[in-house]
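Colleague: There's a structure below that I have some questions on.
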Amino acid sequence: MKLEEIIRILNLKIITSEKFLNRTITGGYASDLLSDVIANAQSGNLWITMQTHINIVAVAVLKELSAIIIVNGRNPADDTIKKAEEQGVVIMCSDLPAFKLCGKLYELGIGKDN
């Protein structure tokens with residue numbers, strides 16, 4: 001499934017550049033612990049977190065993640081947005097809590113076969 005489809009279906013708010021929305025999502029990973037994401041997320045995954053600081057961008061780049069969704073109605077800091085734009089990291093926001101968003105992503109088929 002393409003990132004742009006997920007954004008449309010789940011009504012996600014796009015925070016960073018829209019030029020990478022054609023990325024294919026290979027699966028999903030939900031965690032707020034950066035070391036856990038580094039150890040376990042896979043390239044192409046969609047990362048669900050409540051973290052908003054600049055270090056999430058570095059983790060997304062390191063792991064070659066497709067995008068980050070920040071949950072609970074939180075918004076990233078300005079320096080996070082700037083760094084994400086520079087590095088080509090897509091950040092989106094959702095008002096949903098992580099558990100509910102993960103459920104909706106699973107219903108869309110994200111994570112069922114990966």
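Naming scheme: A, B, ... for chains in displayed order of the structure tokens; residues 1 onward per chain; ligands 1 onward as shown.
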So that I can see what lies close to range 19-25 of chain A, please list as a ChimeraX atom specification the residues with an atom at most 10 Å from it, counting only C-alpha atoms and leaving out residues fewer than 2 positions away in the same chain.

Modeller: /A:1-7,14,16-17,27-28,43-46,65-67,88-90,110-111

Colleague: Output C-alpha atoms for every residue in the selection just made, as a PDB file, in the first residue's frame.

Modeller:
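File written: part-v4.pdb
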```
ATOM      1  CA  MET A   1       0.000   0.000   0.000  1.00  0.00           C
ATOM      2  CA  LYS A   2       1.219   3.494  -0.824  1.00  0.00           C
ATOM      3  CA  LEU A   3       1.682   6.138   1.838  1.00  0.00           C
ATOM      4  CA  GLU A   4      -0.646   8.550   0.040  1.00  0.00           C
ATOM      5  CA  GLU A   5      -3.491   5.998   0.312  1.00  0.00           C
ATOM      6  CA  ILE A   6      -2.983   5.627   4.058  1.00  0.00           C
ATOM      7  CA  ILE A   7      -2.970   9.406   4.508  1.00  0.00           C
ATOM      8  CA  ILE A  14       0.992  15.918   6.603  1.00  0.00           C
ATOM      9  CA  THR A  16       6.606  17.693   6.013  1.00  0.00           C
ATOM     10  CA  SER A  17       7.039  17.744   2.245  1.00  0.00           C
ATOM     11  CA  GLY A  27       4.937  -2.909   7.393  1.00  0.00           C
ATOM     12  CA  GLY A  28       4.554  -0.996  10.593  1.00  0.00           C
ATOM     13  CA  SER A  43      13.327  -0.662   6.134  1.00  0.00           C
ATOM     14  CA  GLY A  44      10.143   0.669   4.568  1.00  0.00           C
ATOM     15  CA  ASN A  45       8.133   0.471   7.790  1.00  0.00           C
ATOM     16  CA  LEU A  46       5.713   3.112   8.951  1.00  0.00           C
ATOM     17  CA  LEU A  65      11.635   4.083   7.309  1.00  0.00           C
ATOM     18  CA  SER A  66       8.890   5.159   4.917  1.00  0.00           C
ATOM     19  CA  ALA A  67       7.354   7.688   7.303  1.00  0.00           C
ATOM     20  CA  GLY A  88      13.417  13.594   3.113  1.00  0.00           C
ATOM     21  CA  VAL A  89      11.557  12.107   6.082  1.00  0.00           C
ATOM     22  CA  VAL A  90       7.768  12.220   5.897  1.00  0.00           C
ATOM     23  CA  ILE A 110      -0.320  -3.103   7.163  1.00  0.00           C
ATOM     24  CA  GLY A 111       1.496  -5.754   9.167  1.00  0.00           C
TER      25      GLY A 111
END
```

Colleague: Taking 5 positions as the minimum chain separation for residues in the same chain, which residues sit within 12 Å of range 95-102 of chain A when counting only C-alpha atoms? Answer as an MDAnalysis selection string.

Modeller: chainID A and resid 6:7 9:13 27:32 46:51 69:75 107:112

Colleague: Write out, as a JSON list (two decimals), in the first residue's frame, the residues just selected, with N, CA and C atoms.

Modeller:
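Once written, selection_3.json looks like this:
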```json
[["chain", "number", "residue", "atom", "x", "y", "z"],
["A", 6, "ILE", "N", -2.80, 5.67, 2.60],
["A", 6, "ILE", "CA", -2.98, 5.63, 4.06],
["A", 6, "ILE", "C", -3.35, 7.01, 4.58],
["A", 7, "ILE", "N", -2.69, 8.03, 4.08],
["A", 7, "ILE", "CA", -2.97, 9.41, 4.51],
["A", 7, "ILE", "C", -4.42, 9.77, 4.21],
["A", 9, "ILE", "N", -7.06, 7.70, 3.60],
["A", 9, "ILE", "CA", -8.03, 6.86, 4.31],
["A", 9, "ILE", "C", -8.11, 7.23, 5.79],
["A", 10, "LEU", "N", -6.96, 7.49, 6.42],
["A", 10, "LEU", "CA", -6.94, 7.77, 7.86],
["A", 10, "LEU", "C", -6.97, 9.26, 8.18],
["A", 11, "ASN", "N", -7.07, 10.09, 7.14],
["A", 11, "ASN", "CA", -7.15, 11.54, 7.32],
["A", 11, "ASN", "C", -6.00, 12.07, 8.18],
["A", 12, "LEU", "N", -4.78, 11.68, 7.81],
["A", 12, "LEU", "CA", -3.60, 12.12, 8.55],
["A", 12, "LEU", "C", -3.18, 13.51, 8.10],
["A", 13, "LYS", "N", -2.63, 14.26, 9.02],
["A", 13, "LYS", "CA", -2.14, 15.61, 8.74],
["A", 13, "LYS", "C", -0.68, 15.52, 8.32],
["A", 27, "GLY", "N", 5.41, -2.42, 6.11],
["A", 27, "GLY", "CA", 4.94, -2.91, 7.39],
["A", 27, "GLY", "C", 4.87, -1.75, 8.35],
["A", 28, "GLY", "N", 4.65, -2.05, 9.60],
["A", 28, "GLY", "CA", 4.55, -1.00, 10.59],
["A", 28, "GLY", "C", 5.29, -1.35, 11.86],
["A", 29, "TYR", "N", 5.66, -0.32, 12.61],
["A", 29, "TYR", "CA", 6.30, -0.52, 13.90],
["A", 29, "TYR", "C", 5.86, 0.59, 14.84],
["A", 30, "ALA", "N", 5.45, 0.23, 16.04],
["A", 30, "ALA", "CA", 5.00, 1.21, 17.03],
["A", 30, "ALA", "C", 5.88, 1.11, 18.27],
["A", 31, "SER", "N", 6.51, 2.22, 18.60],
["A", 31, "SER", "CA", 7.33, 2.29, 19.81],
["A", 31, "SER", "C", 7.72, 3.73, 20.06],
["A", 32, "ASP", "N", 7.88, 4.05, 21.34],
["A", 32, "ASP", "CA", 8.36, 5.37, 21.73],
["A", 32, "ASP", "C", 9.81, 5.33, 22.19],
["A", 46, "LEU", "N", 6.36, 1.91, 8.48],
["A", 46, "LEU", "CA", 5.71, 3.11, 8.95],
["A", 46, "LEU", "C", 5.86, 3.10, 10.47],
["A", 47, "TRP", "N", 6.43, 4.15, 11.04],
["A", 47, "TRP", "CA", 6.72, 4.19, 12.48],
["A", 47, "TRP", "C", 5.66, 5.03, 13.19],
["A", 48, "ILE", "N", 5.03, 4.45, 14.20],
["A", 48, "ILE", "CA", 4.02, 5.13, 15.00],
["A", 48, "ILE", "C", 4.64, 5.44, 16.36],
["A", 49, "THR", "N", 4.61, 6.72, 16.75],
["A", 49, "THR", "CA", 5.23, 7.15, 18.01],
["A", 49, "THR", "C", 4.55, 8.40, 18.55],
["A", 50, "MET", "N", 4.79, 8.69, 19.82],
["A", 50, "MET", "CA", 4.34, 9.95, 20.39],
["A", 50, "MET", "C", 5.52, 10.92, 20.54],
["A", 51, "GLN", "N", 6.72, 10.47, 20.20],
["A", 51, "GLN", "CA", 7.91, 11.32, 20.29],
["A", 51, "GLN", "C", 7.86, 12.42, 19.22],
["A", 69, "ILE", "N", 4.43, 8.56, 11.94],
["A", 69, "ILE", "CA", 3.14, 9.13, 12.35],
["A", 69, "ILE", "C", 3.24, 9.43, 13.85],
["A", 70, "ILE", "N", 3.04, 10.68, 14.18],
["A", 70, "ILE", "CA", 3.03, 11.11, 15.58],
["A", 70, "ILE", "C", 1.58, 11.12, 16.04],
["A", 71, "VAL", "N", 1.31, 10.44, 17.16],
["A", 71, "VAL", "CA", -0.06, 10.23, 17.63],
["A", 71, "VAL", "C", -0.43, 11.16, 18.79],
["A", 72, "ASN", "N", -1.65, 10.99, 19.26],
["A", 72, "ASN", "CA", -2.19, 11.71, 20.43],
["A", 72, "ASN", "C", -2.31, 13.21, 20.21],
["A", 73, "GLY", "N", -2.44, 13.64, 18.95],
["A", 73, "GLY", "CA", -2.60, 15.06, 18.67],
["A", 73, "GLY", "C", -1.35, 15.89, 18.90],
["A", 74, "ARG", "N", -0.22, 15.23, 19.05],
["A", 74, "ARG", "CA", 1.04, 15.95, 19.25],
["A", 74, "ARG", "C", 1.58, 16.44, 17.91],
["A", 75, "ASN", "N", 2.39, 17.49, 17.98],
["A", 75, "ASN", "CA", 3.03, 18.05, 16.79],
["A", 75, "ASN", "C", 4.53, 18.13, 17.02],
["A", 107, "GLU", "N", -6.11, -3.13, 10.01],
["A", 107, "GLU", "CA", -7.32, -3.37, 9.21],
["A", 107, "GLU", "C", -7.08, -3.08, 7.73],
["A", 108, "LEU", "N", -6.17, -2.12, 7.45],
["A", 108, "LEU", "CA", -5.84, -1.79, 6.06],
["A", 108, "LEU", "C", -4.86, -2.78, 5.44],
["A", 109, "GLY", "N", -4.37, -3.71, 6.25],
["A", 109, "GLY", "CA", -3.45, -4.73, 5.74],
["A", 109, "GLY", "C", -1.99, -4.48, 6.09],
["A", 110, "ILE", "N", -1.70, -3.39, 6.78],
["A", 110, "ILE", "CA", -0.32, -3.10, 7.16],
["A", 110, "ILE", "C", 0.04, -4.01, 8.32],
["A", 111, "GLY", "N", 1.04, -4.85, 8.12],
["A", 111, "GLY", "CA", 1.50, -5.75, 9.17],
["A", 111, "GLY", "C", 0.92, -7.15, 9.11],
["A", 112, "LYS", "N", -0.06, -7.39, 8.29],
["A", 112, "LYS", "CA", -0.67, -8.73, 8.24],
["A", 112, "LYS", "C", 0.25, -9.74, 7.59]]
```

Colleague: Could you pull out the residues in chain A that DSSP calls strand (DSSP E) from the backbone, as a ChimeraX atom specification?

Modeller: /A:13-14,27-30,45-49,67-70,91-93

Colleague: Could you check the closest approach to Asp78 in chain A for each of A:Ser94, A:Val61, A:Gly103, A:Ile15 and tell me which residue wins, using only C-alpha atoms?

Modeller: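 Nearest candidate to Asp78 in chain A out of A:Ser94, A:Val61, A:Gly103, A:Ile15: A:Ile15.
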
Colleague: Using only C-alpha atoms, which of A:Glu18, A:Asp36, A:Lys63, A:Lys104 sits nearest Glu85 in chain A?

Modeller: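 Among the listed residues, A:Glu18 lies closest to Glu85 in chain A.
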
Colleague: Output as an MDAnalysis selection string all residues of chain A that backbone DSSP marks as helix (DSSP H, G or I).

Modeller: chainID A and resid 3:10 34:40 55:63 78:87 98:107

Colleague: Please produce a file of the residues just selected, as a JSON list (two decimals), in the first residue's frame, where the atoms kept are C-alpha atoms.

Modeller:
```
[["chain", "number", "residue", "atom", "x", "y", "z"],
["A", 3, "LEU", "CA", 1.68, 6.14, 1.84],
["A", 4, "GLU", "CA", -0.65, 8.55, 0.04],
["A", 5, "GLU", "CA", -3.49, 6.00, 0.31],
["A", 6, "ILE", "CA", -2.98, 5.63, 4.06],
["A", 7, "ILE", "CA", -2.97, 9.41, 4.51],
["A", 8, "ARG", "CA", -6.23, 9.76, 2.61],
["A", 9, "ILE", "CA", -8.03, 6.86, 4.31],
["A", 10, "LEU", "CA", -6.94, 7.77, 7.86],
["A", 34, "LEU", "CA", 14.28, 4.98, 20.00],
["A", 35, "SER", "CA", 16.66, 2.09, 20.76],
["A", 36, "ASP", "CA", 13.76, -0.34, 20.29],
["A", 37, "VAL", "CA", 12.98, 1.13, 16.87],
["A", 38, "ILE", "CA", 16.65, 0.94, 15.90],
["A", 39, "ALA", "CA", 16.82, -2.70, 16.96],
["A", 40, "ASN", "CA", 13.52, -3.90, 15.49],
["A", 55, "ASN", "CA", 16.12, 12.45, 17.14],
["A", 56, "ILE", "CA", 13.14, 10.71, 15.52],
["A", 57, "VAL", "CA", 14.38, 12.00, 12.17],
["A", 58, "ALA", "CA", 17.82, 10.45, 12.69],
["A", 59, "VAL", "CA", 16.25, 7.09, 13.56],
["A", 60, "ALA", "CA", 13.97, 7.21, 10.51],
["A", 61, "VAL", "CA", 16.96, 7.93, 8.25],
["A", 62, "LEU", "CA", 19.12, 5.24, 9.88],
["A", 63, "LYS", "CA", 16.43, 2.58, 9.49],
["A", 78, "ASP", "CA", 10.15, 23.25, 14.53],
["A", 79, "ASP", "CA", 13.72, 21.88, 14.47],
["A", 80, "THR", "CA", 12.30, 18.39, 13.91],
["A", 81, "ILE", "CA", 10.28, 19.58, 10.92],
["A", 82, "LYS", "CA", 13.28, 21.40, 9.45],
["A", 83, "LYS", "CA", 15.55, 18.36, 9.80],
["A", 84, "ALA", "CA", 12.88, 16.04, 8.35],
["A", 85, "GLU", "CA", 12.53, 18.30, 5.31],
["A", 86, "GLU", "CA", 16.32, 18.30, 4.83],
["A", 87, "GLN", "CA", 16.53, 14.50, 5.14],
["A", 98, "ALA", "CA", -1.25, 4.74, 19.13],
["A", 99, "PHE", "CA", -3.30, 1.63, 19.93],
["A", 100, "LYS", "CA", -6.29, 2.77, 17.89],
["A", 101, "LEU", "CA", -4.15, 3.94, 14.96],
["A", 102, "CYS", "CA", -2.27, 0.62, 14.90],
["A", 103, "GLY", "CA", -5.60, -1.19, 14.77],
["A", 104, "LYS", "CA", -6.76, 0.88, 11.82],
["A", 105, "LEU", "CA", -3.46, 0.30, 10.00],
["A", 106, "TYR", "CA", -3.77, -3.44, 10.62],
["A", 107, "GLU", "CA", -7.32, -3.37, 9.21]]
```
